[in-house]
Amino acid sequence: MDSTTLLKEAIKAREKAYIPYSHFGVGAALLDSEGQVHHGCNIENAAYGPTNCAERTAMFRAIADGHQARSFKAIAVVADTEGPVAPCGVCRQVMVELCDLDMLVILGNLKGEIRETTVRELLPDSFGPSDLDKVQK
Ligand SMILES: O=c1ccn([C@H]2C[C@H](O)[C@@H](CO)O2)c(=O)[nH]1
Ligand SMILES: [Zn+2]
């Protein structure tokens, strides 16, 4: 599946965003190793803090559906931004946990502007699962 097709899936996912506070809709589409696409949207909360971003919704949904961490092929994220959307720091950290560091991340907007990057590029020098093995014995 090409980047434009996955971004179109993210645009469809964005239509489901629950955004009564920010009115800032975000959609994500996560491609798994079998070619299936998992949709995510942002889901806000009156207490603000419990808000879940579109990227995390898609990743958590795929994991909860039984897909293996770090087996995903790509994630596309879209918002109605000037220039491609920038994932927040929390989502970047969750990508480090659940996706391969070299996984393709496709960032876009509704104007069709696209930036292709990787998890590693979005969060360089990250703290990940293998760092827990590096504790002093
Ligand atoms: O990459 C991003 C950036 C922001 N948001 C959400 C969180 C909140 O609902 C709204 C404004 O921050 O956008 C996402 O879902 N993904
Ligand atoms: Zn986020």
# chains A, B, ... in the order shown; residues from 1 in each chain; ligands from 1

call {"tool": "residues_near_ligand", "arguments": {"ligand": "ligand 1", "cutoff": "10 Å", "atoms": "only C-alpha atoms and all ligand atoms", "output": "mmCIF file with N, CA and C atoms, in the first residue's frame"}}
result
data_model
loop_
_atom_site.group_PDB
_atom_site.id
_atom_site.type_symbol
_atom_site.label_atom_id
_atom_site.label_comp_id
_atom_site.auth_asym_id
_atom_site.auth_seq_id
_atom_site.Cartn_x
_atom_site.Cartn_y
_atom_site.Cartn_z
ATOM 1 N N ARG A 14 -10.094 10.255 10.613
ATOM 2 C CA ARG A 14 -10.232 11.579 11.230
ATOM 3 C C ARG A 14 -11.692 12.005 11.363
ATOM 4 N N ALA A 17 -13.178 11.625 14.801
ATOM 5 C CA ALA A 17 -12.560 12.306 15.952
ATOM 6 C C ALA A 17 -13.627 12.874 16.902
ATOM 7 N N TYR A 18 -13.401 12.692 18.203
ATOM 8 C CA TYR A 18 -14.287 13.236 19.249
ATOM 9 C C TYR A 18 -13.549 14.453 19.825
ATOM 10 N N ILE A 19 -13.913 15.625 19.331
ATOM 11 C CA ILE A 19 -13.101 16.825 19.597
ATOM 12 C C ILE A 19 -13.949 18.033 20.036
ATOM 13 N N PRO A 20 -14.764 17.859 21.104
ATOM 14 C CA PRO A 20 -15.630 18.978 21.518
ATOM 15 C C PRO A 20 -14.847 20.173 22.077
ATOM 16 N N TYR A 21 -13.601 19.995 22.471
ATOM 17 C CA TYR A 21 -12.839 21.075 23.136
ATOM 18 C C TYR A 21 -11.902 21.791 22.173
ATOM 19 N N SER A 22 -11.036 21.049 21.496
ATOM 20 C CA SER A 22 -10.058 21.715 20.613
ATOM 21 C C SER A 22 -10.592 21.940 19.202
ATOM 22 N N HIS A 23 -11.552 21.139 18.785
ATOM 23 C CA HIS A 23 -12.020 21.148 17.390
ATOM 24 C C HIS A 23 -10.870 20.886 16.413
ATOM 25 N N PHE A 24 -9.830 20.238 16.911
ATOM 26 C CA PHE A 24 -8.645 19.919 16.106
ATOM 27 C C PHE A 24 -8.670 18.411 15.831
ATOM 28 N N GLY A 25 -9.223 18.050 14.693
ATOM 29 C CA GLY A 25 -9.369 16.629 14.382
ATOM 30 C C GLY A 25 -8.101 16.025 13.801
ATOM 31 N N VAL A 26 -7.759 14.847 14.287
ATOM 32 C CA VAL A 26 -6.586 14.124 13.786
ATOM 33 C C VAL A 26 -7.015 12.692 13.462
ATOM 34 N N GLY A 27 -6.480 12.169 12.379
ATOM 35 C CA GLY A 27 -6.740 10.778 12.009
ATOM 36 C C GLY A 27 -5.437 10.040 11.816
ATOM 37 N N ALA A 28 -5.450 8.742 12.114
ATOM 38 C CA ALA A 28 -4.256 7.917 11.920
ATOM 39 C C ALA A 28 -4.671 6.594 11.296
ATOM 40 N N GLY A 40 -7.400 5.187 13.747
ATOM 41 C CA GLY A 40 -7.435 5.847 15.051
ATOM 42 C C GLY A 40 -7.817 7.302 14.884
ATOM 43 N N CYS A 41 -8.513 7.842 15.878
ATOM 44 C CA CYS A 41 -8.841 9.273 15.878
ATOM 45 C C CYS A 41 -8.544 9.805 17.273
ATOM 46 N N ASN A 42 -8.458 11.126 17.401
ATOM 47 C CA ASN A 42 -8.285 11.657 18.753
ATOM 48 C C ASN A 42 -9.622 11.668 19.480
ATOM 49 N N ILE A 43 -9.542 11.381 20.774
ATOM 50 C CA ILE A 43 -10.727 11.268 21.628
ATOM 51 C C ILE A 43 -10.469 12.129 22.858
ATOM 52 N N GLU A 44 -11.158 13.273 22.921
ATOM 53 C CA GLU A 44 -10.873 14.244 23.987
ATOM 54 C C GLU A 44 -11.704 13.973 25.245
ATOM 55 N N ASN A 45 -11.389 14.716 26.295
ATOM 56 C CA ASN A 45 -12.027 14.508 27.597
ATOM 57 C C ASN A 45 -12.184 15.846 28.295
ATOM 58 N N TYR A 48 -9.414 17.077 30.094
ATOM 59 C CA TYR A 48 -8.278 17.342 29.189
ATOM 60 C C TYR A 48 -7.187 16.265 29.223
ATOM 61 N N GLY A 49 -6.642 15.968 30.399
ATOM 62 C CA GLY A 49 -5.503 15.038 30.519
ATOM 63 C C GLY A 49 -5.769 13.657 29.924
ATOM 64 N N PRO A 50 -6.951 13.098 30.125
ATOM 65 C CA PRO A 50 -7.215 11.756 29.588
ATOM 66 C C PRO A 50 -7.366 11.693 28.065
ATOM 67 N N THR A 51 -7.256 12.795 27.379
ATOM 68 C CA THR A 51 -7.362 12.807 25.911
ATOM 69 C C THR A 51 -6.400 11.805 25.287
ATOM 70 N N ASN A 52 -6.889 11.069 24.305
ATOM 71 C CA ASN A 52 -6.030 10.140 23.575
ATOM 72 C C ASN A 52 -5.861 10.632 22.139
ATOM 73 N N CYS A 53 -4.615 10.695 21.697
ATOM 74 C CA CYS A 53 -4.334 11.138 20.328
ATOM 75 C C CYS A 53 -4.708 10.049 19.314
ATOM 76 N N ALA A 54 -4.847 10.474 18.078
ATOM 77 C CA ALA A 54 -5.200 9.565 16.991
ATOM 78 C C ALA A 54 -4.165 8.441 16.816
ATOM 79 N N GLU A 55 -2.891 8.800 16.889
ATOM 80 C CA GLU A 55 -1.820 7.815 16.681
ATOM 81 C C GLU A 55 -1.890 6.716 17.734
ATOM 82 N N ARG A 56 -2.060 7.133 19.006
ATOM 83 C CA ARG A 56 -2.115 6.139 20.079
ATOM 84 C C ARG A 56 -3.384 5.302 19.977
ATOM 85 N N THR A 57 -4.486 5.922 19.592
ATOM 86 C CA THR A 57 -5.720 5.131 19.419
ATOM 87 C C THR A 57 -5.480 4.011 18.406
ATOM 88 N N VAL A 77 -0.587 9.863 9.486
ATOM 89 C CA VAL A 77 -1.279 10.765 10.421
ATOM 90 C C VAL A 77 -1.659 12.024 9.653
ATOM 91 N N VAL A 78 -2.878 12.505 9.879
ATOM 92 C CA VAL A 78 -3.327 13.677 9.145
ATOM 93 C C VAL A 78 -4.157 14.611 10.025
ATOM 94 N N ALA A 79 -4.001 15.906 9.775
ATOM 95 C CA ALA A 79 -4.831 16.918 10.430
ATOM 96 C C ALA A 79 -4.989 18.073 9.445
ATOM 97 N N PRO A 84 2.460 19.429 7.024
ATOM 98 C CA PRO A 84 2.139 18.139 7.634
ATOM 99 C C PRO A 84 2.076 18.212 9.158
ATOM 100 N N VAL A 85 1.160 17.459 9.758
ATOM 101 C CA VAL A 85 0.959 17.455 11.211
ATOM 102 C C VAL A 85 2.208 16.909 11.927
ATOM 103 N N ALA A 86 2.440 17.374 13.157
ATOM 104 C CA ALA A 86 3.576 16.894 13.960
ATOM 105 C C ALA A 86 3.048 16.090 15.142
ATOM 106 N N PRO A 87 3.360 14.791 15.232
ATOM 107 C CA PRO A 87 2.911 13.996 16.376
ATOM 108 C C PRO A 87 3.473 14.523 17.694
ATOM 109 N N CYS A 88 2.689 14.424 18.754
ATOM 110 C CA CYS A 88 3.145 14.916 20.067
ATOM 111 C C CYS A 88 4.212 13.983 20.639
ATOM 112 N N GLY A 89 4.864 14.442 21.693
ATOM 113 C CA GLY A 89 5.953 13.685 22.318
ATOM 114 C C GLY A 89 5.503 12.357 22.898
ATOM 115 N N VAL A 90 4.304 12.338 23.473
ATOM 116 C CA VAL A 90 3.795 11.088 24.065
ATOM 117 C C VAL A 90 3.604 10.038 22.962
ATOM 118 N N CYS A 91 3.026 10.436 21.845
ATOM 119 C CA CYS A 91 2.836 9.490 20.737
ATOM 120 C C CYS A 91 4.175 9.024 20.175
ATOM 121 N N ARG A 92 5.150 9.920 20.109
ATOM 122 C CA ARG A 92 6.484 9.510 19.634
ATOM 123 C C ARG A 92 7.063 8.435 20.549
ATOM 124 N N LEU A 107 3.359 11.748 7.430
ATOM 125 C CA LEU A 107 2.645 12.866 8.048
ATOM 126 C C LEU A 107 2.041 13.709 6.937
#

call {"tool": "residues_around", "arguments": {"residues": "Gly66 in chain A", "least_positions_apart": "6", "cutoff": "12 Å", "atoms": "only C-alpha atoms", "output": "PyMOL selection string"}}
result
chain A and resi 32+38+59-60

call {"tool": "select_by_dssp", "arguments": {"residues": "range 55-86 of chain A", "states": "helix (DSSP H, G or I)", "output": "list in words"}}
result
Glu55, Arg56, Thr57, Ala58, Met59, Phe60, Arg61, Ala62, Ile63 and Ala64 of chain A

call {"tool": "select_by_dssp", "arguments": {"residues": "chain A", "states": "strand (DSSP E or B)", "output": "ChimeraX atom specification"}}
result
/A:18,26-31,37-41,43,52,74-79,104-109,114-118

call {"tool": "atom_distance", "arguments": {"atom1": "CA of Ala62 in chain A", "atom2": "CA of Leu101 in chain A"}}
result
17.5 Å

call {"tool": "closest_residue", "arguments": {"among": "A:Thr117, A:Gln36, A:Gln93, A:Thr5", "to": "Asp65 in chain A", "atoms": "only C-alpha atoms"}}
result
A:Gln36

call {"tool": "decode", "arguments": {"residues": "range 37-133 of chain A", "atoms": "C-alpha atoms", "output": "PDB file, in the first residue's frame"}}
result
ATOM      1  CA  VAL A  37      -5.305  -1.011   8.244  1.00  0.00           C
ATOM      2  CA  HIS A  38      -6.177   0.039  11.813  1.00  0.00           C
ATOM      3  CA  HIS A  39      -7.893   3.416  12.171  1.00  0.00           C
ATOM      4  CA  GLY A  40      -7.435   5.847  15.051  1.00  0.00           C
ATOM      5  CA  CYS A  41      -8.841   9.273  15.878  1.00  0.00           C
ATOM      6  CA  ASN A  42      -8.285  11.657  18.753  1.00  0.00           C
ATOM      7  CA  ILE A  43     -10.727  11.268  21.628  1.00  0.00           C
ATOM      8  CA  GLU A  44     -10.873  14.244  23.987  1.00  0.00           C
ATOM      9  CA  ASN A  45     -12.027  14.508  27.597  1.00  0.00           C
ATOM     10  CA  ALA A  46     -13.556  17.270  29.727  1.00  0.00           C
ATOM     11  CA  ALA A  47     -10.670  16.748  32.162  1.00  0.00           C
ATOM     12  CA  TYR A  48      -8.278  17.342  29.189  1.00  0.00           C
ATOM     13  CA  GLY A  49      -5.503  15.038  30.519  1.00  0.00           C
ATOM     14  CA  PRO A  50      -7.215  11.756  29.588  1.00  0.00           C
ATOM     15  CA  THR A  51      -7.362  12.807  25.911  1.00  0.00           C
ATOM     16  CA  ASN A  52      -6.030  10.140  23.575  1.00  0.00           C
ATOM     17  CA  CYS A  53      -4.334  11.138  20.328  1.00  0.00           C
ATOM     18  CA  ALA A  54      -5.200   9.565  16.991  1.00  0.00           C
ATOM     19  CA  GLU A  55      -1.820   7.815  16.681  1.00  0.00           C
ATOM     20  CA  ARG A  56      -2.115   6.139  20.079  1.00  0.00           C
ATOM     21  CA  THR A  57      -5.720   5.131  19.419  1.00  0.00           C
ATOM     22  CA  ALA A  58      -4.598   3.331  16.235  1.00  0.00           C
ATOM     23  CA  MET A  59      -1.605   1.625  17.890  1.00  0.00           C
ATOM     24  CA  PHE A  60      -3.513   0.572  21.029  1.00  0.00           C
ATOM     25  CA  ARG A  61      -6.391  -0.688  18.933  1.00  0.00           C
ATOM     26  CA  ALA A  62      -4.089  -2.883  16.811  1.00  0.00           C
ATOM     27  CA  ILE A  63      -2.312  -4.269  19.891  1.00  0.00           C
ATOM     28  CA  ALA A  64      -5.648  -4.962  21.591  1.00  0.00           C
ATOM     29  CA  ASP A  65      -6.752  -6.799  18.442  1.00  0.00           C
ATOM     30  CA  GLY A  66      -3.801  -9.167  18.852  1.00  0.00           C
ATOM     31  CA  HIS A  67      -1.189  -7.704  16.522  1.00  0.00           C
ATOM     32  CA  GLN A  68       2.405  -7.983  17.632  1.00  0.00           C
ATOM     33  CA  ALA A  69       4.377  -4.973  18.792  1.00  0.00           C
ATOM     34  CA  ARG A  70       7.031  -3.872  16.257  1.00  0.00           C
ATOM     35  CA  SER A  71       5.399  -5.860  13.414  1.00  0.00           C
ATOM     36  CA  PHE A  72       3.765  -2.815  11.807  1.00  0.00           C
ATOM     37  CA  LYS A  73       4.729  -1.488   8.365  1.00  0.00           C
ATOM     38  CA  ALA A  74       3.739   2.193   8.491  1.00  0.00           C
ATOM     39  CA  ILE A  75       1.547   4.787  10.136  1.00  0.00           C
ATOM     40  CA  ALA A  76      -0.087   7.753   8.410  1.00  0.00           C
ATOM     41  CA  VAL A  77      -1.279  10.765  10.421  1.00  0.00           C
ATOM     42  CA  VAL A  78      -3.327  13.677   9.145  1.00  0.00           C
ATOM     43  CA  ALA A  79      -4.831  16.918  10.430  1.00  0.00           C
ATOM     44  CA  ASP A  80      -6.084  20.165   8.914  1.00  0.00           C
ATOM     45  CA  THR A  81      -2.758  21.874   9.523  1.00  0.00           C
ATOM     46  CA  GLU A  82      -0.563  24.270   7.616  1.00  0.00           C
ATOM     47  CA  GLY A  83       2.097  21.794   6.559  1.00  0.00           C
ATOM     48  CA  PRO A  84       2.139  18.139   7.634  1.00  0.00           C
ATOM     49  CA  VAL A  85       0.959  17.455  11.211  1.00  0.00           C
ATOM     50  CA  ALA A  86       3.576  16.894  13.960  1.00  0.00           C
ATOM     51  CA  PRO A  87       2.911  13.996  16.376  1.00  0.00           C
ATOM     52  CA  CYS A  88       3.145  14.916  20.067  1.00  0.00           C
ATOM     53  CA  GLY A  89       5.953  13.685  22.318  1.00  0.00           C
ATOM     54  CA  VAL A  90       3.795  11.088  24.065  1.00  0.00           C
ATOM     55  CA  CYS A  91       2.836   9.490  20.737  1.00  0.00           C
ATOM     56  CA  ARG A  92       6.484   9.510  19.634  1.00  0.00           C
ATOM     57  CA  GLN A  93       7.399   7.614  22.820  1.00  0.00           C
ATOM     58  CA  VAL A  94       4.574   5.093  22.259  1.00  0.00           C
ATOM     59  CA  MET A  95       5.809   4.620  18.658  1.00  0.00           C
ATOM     60  CA  VAL A  96       9.279   3.808  20.074  1.00  0.00           C
ATOM     61  CA  GLU A  97       7.655   1.129  22.259  1.00  0.00           C
ATOM     62  CA  LEU A  98       5.244  -0.436  19.757  1.00  0.00           C
ATOM     63  CA  CYS A  99       6.830   0.180  16.343  1.00  0.00           C
ATOM     64  CA  ASP A 100      10.189  -0.554  14.773  1.00  0.00           C
ATOM     65  CA  LEU A 101      12.520   2.463  14.984  1.00  0.00           C
ATOM     66  CA  ASP A 102      12.901   2.335  11.191  1.00  0.00           C
ATOM     67  CA  MET A 103       9.151   2.124  10.523  1.00  0.00           C
ATOM     68  CA  LEU A 104       7.803   4.588   7.986  1.00  0.00           C
ATOM     69  CA  VAL A 105       5.786   7.489   9.413  1.00  0.00           C
ATOM     70  CA  ILE A 106       3.736   9.433   6.867  1.00  0.00           C
ATOM     71  CA  LEU A 107       2.645  12.866   8.048  1.00  0.00           C
ATOM     72  CA  GLY A 108       0.151  14.881   6.061  1.00  0.00           C
ATOM     73  CA  ASN A 109      -2.544  17.497   5.952  1.00  0.00           C
ATOM     74  CA  LEU A 110      -5.821  17.970   4.111  1.00  0.00           C
ATOM     75  CA  LYS A 111      -4.086  19.932   1.329  1.00  0.00           C
ATOM     76  CA  GLY A 112      -2.208  16.775   0.351  1.00  0.00           C
ATOM     77  CA  GLU A 113       1.170  17.926   1.658  1.00  0.00           C
ATOM     78  CA  ILE A 114       3.229  14.916   2.772  1.00  0.00           C
ATOM     79  CA  ARG A 115       6.354  14.367   4.853  1.00  0.00           C
ATOM     80  CA  GLU A 116       7.809  10.885   5.093  1.00  0.00           C
ATOM     81  CA  THR A 117       9.964  10.132   8.101  1.00  0.00           C
ATOM     82  CA  THR A 118      10.711   7.354  10.607  1.00  0.00           C
ATOM     83  CA  VAL A 119      10.143   6.758  14.303  1.00  0.00           C
ATOM     84  CA  ARG A 120      13.893   7.123  14.889  1.00  0.00           C
ATOM     85  CA  GLU A 121      13.971  10.505  13.155  1.00  0.00           C
ATOM     86  CA  LEU A 122      10.958  11.747  15.150  1.00  0.00           C
ATOM     87  CA  LEU A 123      12.490  10.734  18.491  1.00  0.00           C
ATOM     88  CA  PRO A 124      16.281  10.526  18.250  1.00  0.00           C
ATOM     89  CA  ASP A 125      18.307   9.078  21.119  1.00  0.00           C
ATOM     90  CA  SER A 126      15.154   7.576  22.585  1.00  0.00           C
ATOM     91  CA  PHE A 127      14.655   5.539  25.741  1.00  0.00           C
ATOM     92  CA  GLY A 128      13.157   2.217  24.674  1.00  0.00           C
ATOM     93  CA  PRO A 129      12.564  -1.385  25.783  1.00  0.00           C
ATOM     94  CA  SER A 130      16.253  -2.387  25.508  1.00  0.00           C
ATOM     95  CA  ASP A 131      17.352   0.397  27.871  1.00  0.00           C
ATOM     96  CA  LEU A 132      15.767  -1.475  30.780  1.00  0.00           C
ATOM     97  CA  ASP A 133      18.396  -4.215  30.284  1.00  0.00           C
TER      98      ASP A 133
END
